[in-house]
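Raw contents of query.pdb, PDB, N, CA and C atoms:
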```pdb
ATOM      1  N   MET A   1       0.820  -1.191   0.000
ATOM      2  CA  MET A   1       0.000   0.000   0.000
ATOM      3  C   MET A   1       0.865   1.257   0.000
ATOM      4  N   PHE A   2       1.958   1.236   0.799
ATOM      5  CA  PHE A   2       2.828   2.402   0.855
ATOM      6  C   PHE A   2       3.437   2.696  -0.514
ATOM      7  N   SER A   3       3.843   1.657  -1.240
ATOM      8  CA  SER A   3       4.458   1.880  -2.550
ATOM      9  C   SER A   3       3.447   2.485  -3.528
ATOM     10  N   LYS A   4       2.178   2.055  -3.431
ATOM     11  CA  LYS A   4       1.151   2.619  -4.307
ATOM     12  C   LYS A   4       0.937   4.096  -3.987
ATOM     13  N   LEU A   5       0.870   4.426  -2.706
ATOM     14  CA  LEU A   5       0.691   5.810  -2.289
ATOM     15  C   LEU A   5       1.910   6.636  -2.702
ATOM     16  N   HIS A   6       3.104   6.099  -2.507
ATOM     17  CA  HIS A   6       4.326   6.796  -2.882
ATOM     18  C   HIS A   6       4.372   7.042  -4.387
ATOM     19  N   ARG A   7       3.970   6.048  -5.176
ATOM     20  CA  ARG A   7       3.971   6.178  -6.627
ATOM     21  C   ARG A   7       2.973   7.246  -7.058
ATOM     22  N   GLN A   8       1.786   7.264  -6.443
ATOM     23  CA  GLN A   8       0.788   8.272  -6.798
ATOM     24  C   GLN A   8       1.285   9.670  -6.440
ATOM     25  N   PHE A   9       1.941   9.805  -5.301
ATOM     26  CA  PHE A   9       2.442  11.103  -4.869
ATOM     27  C   PHE A   9       3.529  11.588  -5.826
ATOM     28  N   ASN A  10       4.410  10.699  -6.260
ATOM     29  CA  ASN A  10       5.482  11.084  -7.175
ATOM     30  C   ASN A  10       4.975  11.325  -8.588
ATOM     31  N   ASP A  11       3.928  10.635  -8.998
ATOM     32  CA  ASP A  11       3.407  10.795 -10.345
ATOM     33  C   ASP A  11       2.579  12.059 -10.511
ATOM     34  N   SER A  12       2.119  12.615  -9.423
ATOM     35  CA  SER A  12       1.286  13.803  -9.540
ATOM     36  C   SER A  12       2.123  14.984 -10.007
ATOM     37  N   GLU A  13       1.483  15.937 -10.609
ATOM     38  CA  GLU A  13       2.163  17.120 -11.127
ATOM     39  C   GLU A  13       2.880  17.895 -10.030
ATOM     40  N   ILE A  14       2.296  17.930  -8.847
ATOM     41  CA  ILE A  14       2.914  18.716  -7.782
ATOM     42  C   ILE A  14       3.731  17.861  -6.830
ATOM     43  N   GLY A  15       3.892  16.586  -7.104
ATOM     44  CA  GLY A  15       4.646  15.696  -6.222
ATOM     45  C   GLY A  15       6.072  16.153  -6.015
ATOM     46  N   ILE A  16       6.796  16.384  -7.088
ATOM     47  CA  ILE A  16       8.196  16.799  -6.958
ATOM     48  C   ILE A  16       8.307  18.189  -6.345
ATOM     49  N   ILE A  17       7.316  19.019  -6.580
ATOM     50  CA  ILE A  17       7.325  20.358  -5.989
ATOM     51  C   ILE A  17       7.226  20.261  -4.476
ATOM     52  N   ASN A  18       6.275  19.471  -4.000
ATOM     53  CA  ASN A  18       6.104  19.314  -2.553
ATOM     54  C   ASN A  18       7.293  18.611  -1.918
ATOM     55  N   ILE A  19       7.784  17.565  -2.550
ATOM     56  CA  ILE A  19       8.921  16.834  -1.993
ATOM     57  C   ILE A  19      10.150  17.725  -1.928
ATOM     58  N   SER A  20      10.394  18.507  -2.974
ATOM     59  CA  SER A  20      11.573  19.371  -2.975
ATOM     60  C   SER A  20      11.482  20.435  -1.881
ATOM     61  N   ARG A  21      10.307  20.939  -1.626
ATOM     62  CA  ARG A  21      10.139  21.919  -0.547
ATOM     63  C   ARG A  21      10.390  21.274   0.811
ATOM     64  N   ILE A  22       9.873  20.077   0.996
ATOM     65  CA  ILE A  22      10.092  19.361   2.262
ATOM     66  C   ILE A  22      11.570  19.085   2.459
ATOM     67  N   ILE A  23      12.241  18.641   1.403
ATOM     68  CA  ILE A  23      13.669  18.349   1.497
ATOM     69  C   ILE A  23      14.458  19.613   1.801
ATOM     70  N   ALA A  24      14.137  20.713   1.142
ATOM     71  CA  ALA A  24      14.859  21.970   1.373
ATOM     72  C   ALA A  24      14.688  22.457   2.811
ATOM     73  N   VAL A  25      13.474  22.433   3.311
ATOM     74  CA  VAL A  25      13.219  22.897   4.678
ATOM     75  C   VAL A  25      13.860  21.950   5.695
ATOM     76  N   THR A  26      13.753  20.658   5.449
ATOM     77  CA  THR A  26      14.366  19.677   6.348
ATOM     78  C   THR A  26      15.882  19.821   6.356
ATOM     79  N   SER A  27      16.475  20.028   5.192
ATOM     80  CA  SER A  27      17.921  20.230   5.107
ATOM     81  C   SER A  27      18.338  21.454   5.910
ATOM     82  N   PHE A  28      17.569  22.522   5.784
ATOM     83  CA  PHE A  28      17.880  23.743   6.531
ATOM     84  C   PHE A  28      17.785  23.500   8.035
ATOM     85  N   ILE A  29      16.717  22.861   8.468
ATOM     86  CA  ILE A  29      16.514  22.637   9.904
ATOM     87  C   ILE A  29      17.601  21.733  10.478
ATOM     88  N   LEU A  30      17.880  20.607   9.813
ATOM     89  CA  LEU A  30      18.916  19.701  10.312
ATOM     90  C   LEU A  30      20.294  20.360  10.300
ATOM     91  N   GLY A  31      20.598  21.080   9.233
ATOM     92  CA  GLY A  31      21.873  21.785   9.166
ATOM     93  C   GLY A  31      22.006  22.834  10.258
ATOM     94  N   THR A  32      20.927  23.531  10.550
ATOM     95  CA  THR A  32      20.939  24.543  11.607
ATOM     96  C   THR A  32      21.136  23.900  12.973
ATOM     97  N   PHE A  33      20.504  22.749  13.208
ATOM     98  CA  PHE A  33      20.702  22.041  14.477
ATOM     99  C   PHE A  33      22.151  21.592  14.629
ATOM    100  N   ILE A  34      22.725  21.019  13.596
ATOM    101  CA  ILE A  34      24.124  20.585  13.667
ATOM    102  C   ILE A  34      25.031  21.790  13.918
ATOM    103  N   PHE A  35      24.791  22.865  13.171
ATOM    104  CA  PHE A  35      25.579  24.087  13.349
ATOM    105  C   PHE A  35      25.416  24.631  14.774
ATOM    106  N   GLY A  36      24.196  24.683  15.258
ATOM    107  CA  GLY A  36      23.933  25.209  16.597
ATOM    108  C   GLY A  36      24.589  24.384  17.686
ATOM    109  N   PHE A  37      24.511  23.069  17.579
ATOM    110  CA  PHE A  37      25.156  22.208  18.572
ATOM    111  C   PHE A  37      26.670  22.358  18.530
ATOM    112  N   PHE A  38      27.227  22.487  17.336
ATOM    113  CA  PHE A  38      28.669  22.711  17.259
ATOM    114  C   PHE A  38      29.029  24.053  17.879
ATOM    115  N   TYR A  39      28.255  25.076  17.568
ATOM    116  CA  TYR A  39      28.533  26.415  18.093
ATOM    117  C   TYR A  39      28.506  26.419  19.624
ATOM    118  N   LEU A  40      27.582  25.661  20.200
ATOM    119  CA  LEU A  40      27.467  25.615  21.658
ATOM    120  C   LEU A  40      28.515  24.727  22.309
ATOM    121  N   THR A  41      28.852  23.605  21.668
ATOM    122  CA  THR A  41      29.727  22.621  22.304
ATOM    123  C   THR A  41      31.173  22.676  21.822
ATOM    124  N   LYS A  42      31.392  23.200  20.628
ATOM    125  CA  LYS A  42      32.719  23.216  19.990
ATOM    126  C   LYS A  42      33.294  21.798  19.853
ATOM    127  N   SER A  43      32.440  20.819  19.682
ATOM    128  CA  SER A  43      32.846  19.426  19.541
ATOM    129  C   SER A  43      33.366  19.172  18.132
ATOM    130  N   THR A  44      34.594  18.661  18.037
ATOM    131  CA  THR A  44      35.159  18.376  16.722
ATOM    132  C   THR A  44      34.429  17.227  16.029
ATOM    133  N   THR A  45      33.783  16.373  16.784
ATOM    134  CA  THR A  45      32.989  15.293  16.191
ATOM    135  C   THR A  45      31.864  15.877  15.337
ATOM    136  N   LEU A  46      31.274  16.952  15.807
ATOM    137  CA  LEU A  46      30.194  17.584  15.053
ATOM    138  C   LEU A  46      30.684  18.216  13.758
ATOM    139  N   ILE A  47      31.959  18.560  13.695
ATOM    140  CA  ILE A  47      32.500  19.075  12.438
ATOM    141  C   ILE A  47      32.439  17.990  11.372
ATOM    142  N   PHE A  48      32.850  16.778  11.742
ATOM    143  CA  PHE A  48      32.819  15.671  10.779
ATOM    144  C   PHE A  48      31.391  15.281  10.418
ATOM    145  N   ILE A  49      30.522  15.246  11.408
ATOM    146  CA  ILE A  49      29.107  14.951  11.140
ATOM    147  C   ILE A  49      28.537  16.015  10.201
ATOM    148  N   GLY A  50      28.812  17.270  10.501
ATOM    149  CA  GLY A  50      28.318  18.366   9.669
ATOM    150  C   GLY A  50      28.881  18.329   8.259
ATOM    151  N   PHE A  51      30.149  17.968   8.134
ATOM    152  CA  PHE A  51      30.762  17.898   6.809
ATOM    153  C   PHE A  51      30.096  16.816   5.959
ATOM    154  N   PHE A  52      29.906  15.634   6.528
ATOM    155  CA  PHE A  52      29.255  14.562   5.782
ATOM    156  C   PHE A  52      27.784  14.868   5.525
ATOM    157  N   TYR A  53      27.144  15.544   6.473
ATOM    158  CA  TYR A  53      25.768  15.973   6.253
ATOM    159  C   TYR A  53      25.703  16.969   5.098
ATOM    160  N   LEU A  54      26.653  17.887   5.054
ATOM    161  CA  LEU A  54      26.693  18.882   3.982
ATOM    162  C   LEU A  54      26.827  18.206   2.619
ATOM    163  N   ILE A  55      27.686  17.215   2.524
ATOM    164  CA  ILE A  55      27.848  16.483   1.270
ATOM    165  C   ILE A  55      26.554  15.768   0.889
ATOM    166  N   GLY A  56      25.966  15.046   1.842
ATOM    167  CA  GLY A  56      24.727  14.315   1.560
ATOM    168  C   GLY A  56      23.578  15.231   1.191
ATOM    169  N   ALA A  57      23.423  16.308   1.934
ATOM    170  CA  ALA A  57      22.338  17.244   1.649
ATOM    171  C   ALA A  57      22.537  17.914   0.294
ATOM    172  N   THR A  58      23.782  18.193  -0.059
ATOM    173  CA  THR A  58      24.063  18.796  -1.357
ATOM    174  C   THR A  58      23.663  17.854  -2.487
ATOM    175  N   VAL A  59      24.002  16.584  -2.340
ATOM    176  CA  VAL A  59      23.663  15.600  -3.377
ATOM    177  C   VAL A  59      22.142  15.471  -3.519
ATOM    178  N   VAL A  60      21.443  15.284  -2.406
ATOM    179  CA  VAL A  60      19.989  15.090  -2.457
ATOM    180  C   VAL A  60      19.298  16.335  -2.991
ATOM    181  N   ASN A  61      19.679  17.516  -2.485
ATOM    182  CA  ASN A  61      19.057  18.748  -2.959
ATOM    183  C   ASN A  61      19.349  18.983  -4.434
ATOM    184  N   SER A  62      20.555  18.652  -4.875
ATOM    185  CA  SER A  62      20.907  18.836  -6.284
ATOM    186  C   SER A  62      20.073  17.945  -7.192
ATOM    187  N   ILE A  63      19.846  16.713  -6.773
ATOM    188  CA  ILE A  63      19.025  15.786  -7.561
ATOM    189  C   ILE A  63      17.618  16.352  -7.738
ATOM    190  N   TYR A  64      17.032  16.842  -6.659
ATOM    191  CA  TYR A  64      15.678  17.392  -6.760
ATOM    192  C   TYR A  64      15.654  18.719  -7.503
ATOM    193  N   LEU A  65      16.712  19.503  -7.385
ATOM    194  CA  LEU A  65      16.784  20.750  -8.128
ATOM    195  C   LEU A  65      16.851  20.476  -9.631
ATOM    196  N   ILE A  66      17.640  19.495 -10.018
ATOM    197  CA  ILE A  66      17.696  19.096 -11.426
ATOM    198  C   ILE A  66      16.326  18.592 -11.871
ATOM    199  N   GLY A  67      15.664  17.823 -11.022
ATOM    200  CA  GLY A  67      14.312  17.344 -11.342
ATOM    201  C   GLY A  67      13.333  18.480 -11.562
ATOM    202  N   LEU A  68      13.461  19.531 -10.771
ATOM    203  CA  LEU A  68      12.580  20.694 -10.955
ATOM    204  C   LEU A  68      12.861  21.385 -12.278
ATOM    205  N   PHE A  69      14.134  21.518 -12.633
ATOM    206  CA  PHE A  69      14.462  22.133 -13.919
ATOM    207  C   PHE A  69      13.956  21.289 -15.083
ATOM    208  N   ILE A  70      14.059  19.982 -14.953
ATOM    209  CA  ILE A  70      13.524  19.088 -15.989
ATOM    210  C   ILE A  70      12.013  19.243 -16.077
ATOM    211  N   LYS A  71      11.360  19.355 -14.940
ATOM    212  CA  LYS A  71       9.902  19.534 -14.909
ATOM    213  C   LYS A  71       9.511  20.832 -15.625
ATOM    214  N   ILE A  72      10.289  21.892 -15.433
ATOM    215  CA  ILE A  72      10.003  23.158 -16.109
ATOM    216  C   ILE A  72      10.115  22.994 -17.624
ATOM    217  N   LEU A  73      11.131  22.282 -18.069
ATOM    218  CA  LEU A  73      11.382  22.140 -19.501
ATOM    219  C   LEU A  73      10.471  21.136 -20.188
ATOM    220  N   SER A  74      10.047  20.096 -19.470
ATOM    221  CA  SER A  74       9.364  18.990 -20.131
ATOM    222  C   SER A  74       7.844  19.094 -20.170
ATOM    223  N   LYS A  75       7.254  19.810 -19.261
ATOM    224  CA  LYS A  75       5.789  19.827 -19.197
ATOM    225  C   LYS A  75       5.267  21.239 -19.052
ATOM    226  N   ASP A  76       4.037  21.409 -19.498
ATOM    227  CA  ASP A  76       3.355  22.685 -19.322
ATOM    228  C   ASP A  76       2.691  22.652 -17.952
ATOM    229  N   ILE A  77       3.373  23.182 -16.963
ATOM    230  CA  ILE A  77       2.871  23.157 -15.593
ATOM    231  C   ILE A  77       2.859  24.568 -15.029
ATOM    232  N   GLU A  78       2.453  24.658 -13.817
ATOM    233  CA  GLU A  78       2.442  25.926 -13.102
ATOM    234  C   GLU A  78       3.883  26.328 -12.791
ATOM    235  N   ARG A  79       4.471  27.114 -13.655
ATOM    236  CA  ARG A  79       5.881  27.490 -13.521
ATOM    237  C   ARG A  79       6.151  28.294 -12.245
ATOM    238  N   LYS A  80       5.191  29.077 -11.820
ATOM    239  CA  LYS A  80       5.383  29.890 -10.619
ATOM    240  C   LYS A  80       5.648  29.000  -9.406
ATOM    241  N   GLN A  81       4.890  27.923  -9.265
ATOM    242  CA  GLN A  81       5.078  27.015  -8.132
ATOM    243  C   GLN A  81       6.439  26.329  -8.182
ATOM    244  N   VAL A  82       6.859  25.938  -9.380
ATOM    245  CA  VAL A  82       8.166  25.298  -9.530
ATOM    246  C   VAL A  82       9.274  26.298  -9.205
ATOM    247  N   LEU A  83       9.151  27.521  -9.676
ATOM    248  CA  LEU A  83      10.176  28.530  -9.411
ATOM    249  C   LEU A  83      10.249  28.885  -7.926
ATOM    250  N   ILE A  84       9.126  28.868  -7.235
ATOM    251  CA  ILE A  84       9.140  29.079  -5.783
ATOM    252  C   ILE A  84       9.922  27.959  -5.111
ATOM    253  N   SER A  85       9.701  26.724  -5.546
ATOM    254  CA  SER A  85      10.445  25.592  -4.986
ATOM    255  C   SER A  85      11.937  25.703  -5.283
ATOM    256  N   VAL A  86      12.270  26.133  -6.489
ATOM    257  CA  VAL A  86      13.676  26.332  -6.850
ATOM    258  C   VAL A  86      14.295  27.387  -5.929
ATOM    259  N   PHE A  87      13.592  28.482  -5.704
ATOM    260  CA  PHE A  87      14.095  29.534  -4.822
ATOM    261  C   PHE A  87      14.309  29.015  -3.409
ATOM    262  N   ILE A  88      13.351  28.250  -2.895
ATOM    263  CA  ILE A  88      13.478  27.697  -1.544
ATOM    264  C   ILE A  88      14.709  26.800  -1.454
ATOM    265  N   MET A  89      14.945  26.020  -2.496
ATOM    266  CA  MET A  89      16.118  25.139  -2.483
ATOM    267  C   MET A  89      17.414  25.946  -2.609
ATOM    268  N   LEU A  90      17.420  26.957  -3.460
ATOM    269  CA  LEU A  90      18.640  27.728  -3.686
ATOM    270  C   LEU A  90      19.009  28.625  -2.512
ATOM    271  N   ILE A  91      18.039  29.023  -1.712
ATOM    272  CA  ILE A  91      18.327  29.893  -0.576
ATOM    273  C   ILE A  91      19.174  29.160   0.469
ATOM    274  N   ASN A  92      19.167  27.835   0.436
ATOM    275  CA  ASN A  92      20.000  27.060   1.351
ATOM    276  C   ASN A  92      21.486  27.200   1.041
ATOM    277  N   ILE A  93      21.841  27.530  -0.186
ATOM    278  CA  ILE A  93      23.252  27.603  -0.569
ATOM    279  C   ILE A  93      23.992  28.706   0.194
ATOM    280  N   PRO A  94      23.521  29.954   0.173
ATOM    281  CA  PRO A  94      24.274  30.967   0.934
ATOM    282  C   PRO A  94      24.251  30.711   2.438
ATOM    283  N   ILE A  95      23.171  30.145   2.936
ATOM    284  CA  ILE A  95      23.104  29.822   4.366
ATOM    285  C   ILE A  95      24.156  28.776   4.704
ATOM    286  N   ALA A  96      24.278  27.733   3.883
ATOM    287  CA  ALA A  96      25.280  26.692   4.117
ATOM    288  C   ALA A  96      26.693  27.263   4.034
ATOM    289  N   ILE A  97      26.918  28.178   3.101
ATOM    290  CA  ILE A  97      28.246  28.792   2.976
ATOM    291  C   ILE A  97      28.584  29.605   4.223
ATOM    292  N   ILE A  98      27.625  30.356   4.723
ATOM    293  CA  ILE A  98      27.844  31.143   5.949
ATOM    294  C   ILE A  98      28.144  30.213   7.120
ATOM    295  N   TYR A  99      27.337  29.159   7.297
ATOM    296  CA  TYR A  99      27.578  28.196   8.371
ATOM    297  C   TYR A  99      28.969  27.593   8.240
ATOM    298  N   PHE A 100      29.343  27.208   7.027
ATOM    299  CA  PHE A 100      30.633  26.580   6.783
ATOM    300  C   PHE A 100      31.780  27.513   7.159
ATOM    301  N   GLU A 101      31.676  28.783   6.767
ATOM    302  CA  GLU A 101      32.728  29.747   7.084
ATOM    303  C   GLU A 101      32.824  30.005   8.587
ATOM    304  N   VAL A 102      31.694  30.082   9.261
ATOM    305  CA  VAL A 102      31.710  30.283  10.713
ATOM    306  C   VAL A 102      32.346  29.074  11.398
ATOM    307  N   VAL A 103      32.004  27.876  10.955
ATOM    308  CA  VAL A 103      32.583  26.670  11.539
ATOM    309  C   VAL A 103      34.089  26.654  11.322
ATOM    310  N   LEU A 104      34.537  27.003  10.113
ATOM    311  CA  LEU A 104      35.980  27.042   9.865
ATOM    312  C   LEU A 104      36.680  28.038  10.776
ATOM    313  N   ASP A 105      36.092  29.218  10.969
ATOM    314  CA  ASP A 105      36.683  30.222  11.868
ATOM    315  C   ASP A 105      36.733  29.712  13.313
ATOM    316  N   LEU A 106      35.647  29.106  13.764
ATOM    317  CA  LEU A 106      35.621  28.570  15.130
ATOM    318  C   LEU A 106      36.619  27.427  15.282
ATOM    319  N   PHE A 107      36.716  26.590  14.268
ATOM    320  CA  PHE A 107      37.666  25.473  14.323
ATOM    321  C   PHE A 107      39.097  25.996  14.399
ATOM    322  N   GLN A 108      39.381  27.036  13.628
ATOM    323  CA  GLN A 108      40.709  27.645  13.702
ATOM    324  C   GLN A 108      41.010  28.170  15.095
ATOM    325  N   SER A 109      40.022  28.770  15.744
ATOM    326  CA  SER A 109      40.245  29.291  17.104
ATOM    327  C   SER A 109      40.385  28.166  18.115
ATOM    328  N   ILE A 110      39.767  27.022  17.871
ATOM    329  CA  ILE A 110      39.905  25.871  18.762
ATOM    330  C   ILE A 110      41.323  25.303  18.646
ATOM    331  N   ILE A 111      41.824  25.224  17.413
ATOM    332  CA  ILE A 111      43.159  24.664  17.174
ATOM    333  C   ILE A 111      44.239  25.557  17.764
ATOM    334  N   ASP A 112      44.066  26.872  17.649
ATOM    335  CA  ASP A 112      45.094  27.811  18.149
ATOM    336  C   ASP A 112      45.171  27.849  19.623
TER     337      ASP A 112
END
```
Render the structure in this file as structure tokens.
Amino acid sequence: MFSKLHRQFNDSEIGIINISRIIAVTSFILGTFIFGFFYLTKSTTLIFIGFFYLIGATVVNSIYLIGLFIKILSKDIERKQVLISVFIMLINIPIAIIYFEVVLDLFQSIID
């Protein structure tokens, strides 16, 4: 039953739009929690967890971002909704860069 529901959700016109928004928001929230815990604890273990999370989140978000661009090109759909999803996904990039730079600065101060 779950596979049938999953297939229907993915086959719908707005399936990838909704999934990409959920992934983008979830990536932001999880990344913020990892960043926040590192900022509070200065644990070097969290640097490695955050680094691998950053790689994984980048791969997953990129796959869905490419899917959104394909959706724009391949079908006559509500482009405004797709572009909103693209914006939500892309806004994570500067946030991740800021987090990454702050972590590098804090790590440098821990090492010194």
Discussion item. Since I can't run it myself right now, could you work out what the PyMOL selection byres (((chain A and resi 40-42 and name CA) around 12) and name CA) selects here and report it as JSON, numbers by chain?
Written reply: {"A": [33, 34, 35, 36, 37, 38, 39, 43, 44, 45, 46, 47, 48, 102, 103, 104, 105, 106, 107, 108, 109, 110, 111]}
File of the preceding selection, N, CA and C atoms, as a JSON list (two decimals), keeping the file's coordinate frame:
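Saved as part.json:
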```
[["chain", "number", "residue", "atom", "x", "y", "z"],
["A", 33, "PHE", "N", 20.50, 22.75, 13.21],
["A", 33, "PHE", "CA", 20.70, 22.04, 14.48],
["A", 33, "PHE", "C", 22.15, 21.59, 14.63],
["A", 34, "ILE", "N", 22.72, 21.02, 13.60],
["A", 34, "ILE", "CA", 24.12, 20.58, 13.67],
["A", 34, "ILE", "C", 25.03, 21.79, 13.92],
["A", 35, "PHE", "N", 24.79, 22.86, 13.17],
["A", 35, "PHE", "CA", 25.58, 24.09, 13.35],
["A", 35, "PHE", "C", 25.42, 24.63, 14.77],
["A", 36, "GLY", "N", 24.20, 24.68, 15.26],
["A", 36, "GLY", "CA", 23.93, 25.21, 16.60],
["A", 36, "GLY", "C", 24.59, 24.38, 17.69],
["A", 37, "PHE", "N", 24.51, 23.07, 17.58],
["A", 37, "PHE", "CA", 25.16, 22.21, 18.57],
["A", 37, "PHE", "C", 26.67, 22.36, 18.53],
["A", 38, "PHE", "N", 27.23, 22.49, 17.34],
["A", 38, "PHE", "CA", 28.67, 22.71, 17.26],
["A", 38, "PHE", "C", 29.03, 24.05, 17.88],
["A", 39, "TYR", "N", 28.26, 25.08, 17.57],
["A", 39, "TYR", "CA", 28.53, 26.42, 18.09],
["A", 39, "TYR", "C", 28.51, 26.42, 19.62],
["A", 43, "SER", "N", 32.44, 20.82, 19.68],
["A", 43, "SER", "CA", 32.85, 19.43, 19.54],
["A", 43, "SER", "C", 33.37, 19.17, 18.13],
["A", 44, "THR", "N", 34.59, 18.66, 18.04],
["A", 44, "THR", "CA", 35.16, 18.38, 16.72],
["A", 44, "THR", "C", 34.43, 17.23, 16.03],
["A", 45, "THR", "N", 33.78, 16.37, 16.78],
["A", 45, "THR", "CA", 32.99, 15.29, 16.19],
["A", 45, "THR", "C", 31.86, 15.88, 15.34],
["A", 46, "LEU", "N", 31.27, 16.95, 15.81],
["A", 46, "LEU", "CA", 30.19, 17.58, 15.05],
["A", 46, "LEU", "C", 30.68, 18.22, 13.76],
["A", 47, "ILE", "N", 31.96, 18.56, 13.70],
["A", 47, "ILE", "CA", 32.50, 19.08, 12.44],
["A", 47, "ILE", "C", 32.44, 17.99, 11.37],
["A", 48, "PHE", "N", 32.85, 16.78, 11.74],
["A", 48, "PHE", "CA", 32.82, 15.67, 10.78],
["A", 48, "PHE", "C", 31.39, 15.28, 10.42],
["A", 102, "VAL", "N", 31.69, 30.08, 9.26],
["A", 102, "VAL", "CA", 31.71, 30.28, 10.71],
["A", 102, "VAL", "C", 32.35, 29.07, 11.40],
["A", 103, "VAL", "N", 32.00, 27.88, 10.96],
["A", 103, "VAL", "CA", 32.58, 26.67, 11.54],
["A", 103, "VAL", "C", 34.09, 26.65, 11.32],
["A", 104, "LEU", "N", 34.54, 27.00, 10.11],
["A", 104, "LEU", "CA", 35.98, 27.04, 9.86],
["A", 104, "LEU", "C", 36.68, 28.04, 10.78],
["A", 105, "ASP", "N", 36.09, 29.22, 10.97],
["A", 105, "ASP", "CA", 36.68, 30.22, 11.87],
["A", 105, "ASP", "C", 36.73, 29.71, 13.31],
["A", 106, "LEU", "N", 35.65, 29.11, 13.76],
["A", 106, "LEU", "CA", 35.62, 28.57, 15.13],
["A", 106, "LEU", "C", 36.62, 27.43, 15.28],
["A", 107, "PHE", "N", 36.72, 26.59, 14.27],
["A", 107, "PHE", "CA", 37.67, 25.47, 14.32],
["A", 107, "PHE", "C", 39.10, 26.00, 14.40],
["A", 108, "GLN", "N", 39.38, 27.04, 13.63],
["A", 108, "GLN", "CA", 40.71, 27.64, 13.70],
["A", 108, "GLN", "C", 41.01, 28.17, 15.10],
["A", 109, "SER", "N", 40.02, 28.77, 15.74],
["A", 109, "SER", "CA", 40.24, 29.29, 17.10],
["A", 109, "SER", "C", 40.38, 28.17, 18.11],
["A", 110, "ILE", "N", 39.77, 27.02, 17.87],
["A", 110, "ILE", "CA", 39.90, 25.87, 18.76],
["A", 110, "ILE", "C", 41.32, 25.30, 18.65],
["A", 111, "ILE", "N", 41.82, 25.22, 17.41],
["A", 111, "ILE", "CA", 43.16, 24.66, 17.17],
["A", 111, "ILE", "C", 44.24, 25.56, 17.76]]
```
Discussion item. As a list in words, please: the residues near segment 59-66 of chain A (cut-off 9 Å, only C-alpha atoms, same-chain neighbours under 6 positions excluded).
Written reply: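 The filter keeps Ile16, Ile17, Ile19, Ser20, Ile23, Ala24, Ser27, Ser85, Val86, Met89 and Leu90 of chain A.
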Fill in: Which residue of A:Thr26, A:Asn18, A:Thr32, A:Thr58 approaches Ile93 of chain A most closely, using only C-alpha atoms
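Checking each of A:Thr26, A:Asn18, A:Thr32, A:Thr58 against Ile93 of chain A, counting only C-alpha atoms, the winner is A:Thr58.
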Worksheet, complete the sentence: In terms of only C-alpha atoms, the residue from A:Tyr99, A:Ile29, A:Ile22, A:Asn92 at minimal distance from Phe51 of chain A is A:Tyr99
Item to complete: Could you jot down the atom CA of Ile72 of chain A to atom N of Ala96 of chain A separation for me, Å, one decimal place?
Response: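 For atom CA of Ile72 of chain A relative to atom N of Ala96 of chain A, the distance reads 25.0 Å.
Here atom CA of Lys71 of chain A and atom CA of Ile97 of chain A stand 27.2 Å from one another.
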Worksheet item: Separation of atom CA of Ile95 of chain A and atom CA of Ile49 of chain A, in Å?
Response: 17.4 Å
Coordinates of box centre and edge lengths for segment 93-110 of chain A, 5 Å on every side, axis-aligned, as lines of an AutoDock Vina configuration file:
```
center_x = 31.6
center_y = 28.2
center_z = 9.1
size_x = 29.5
size_y = 15.8
size_z = 29.3
```
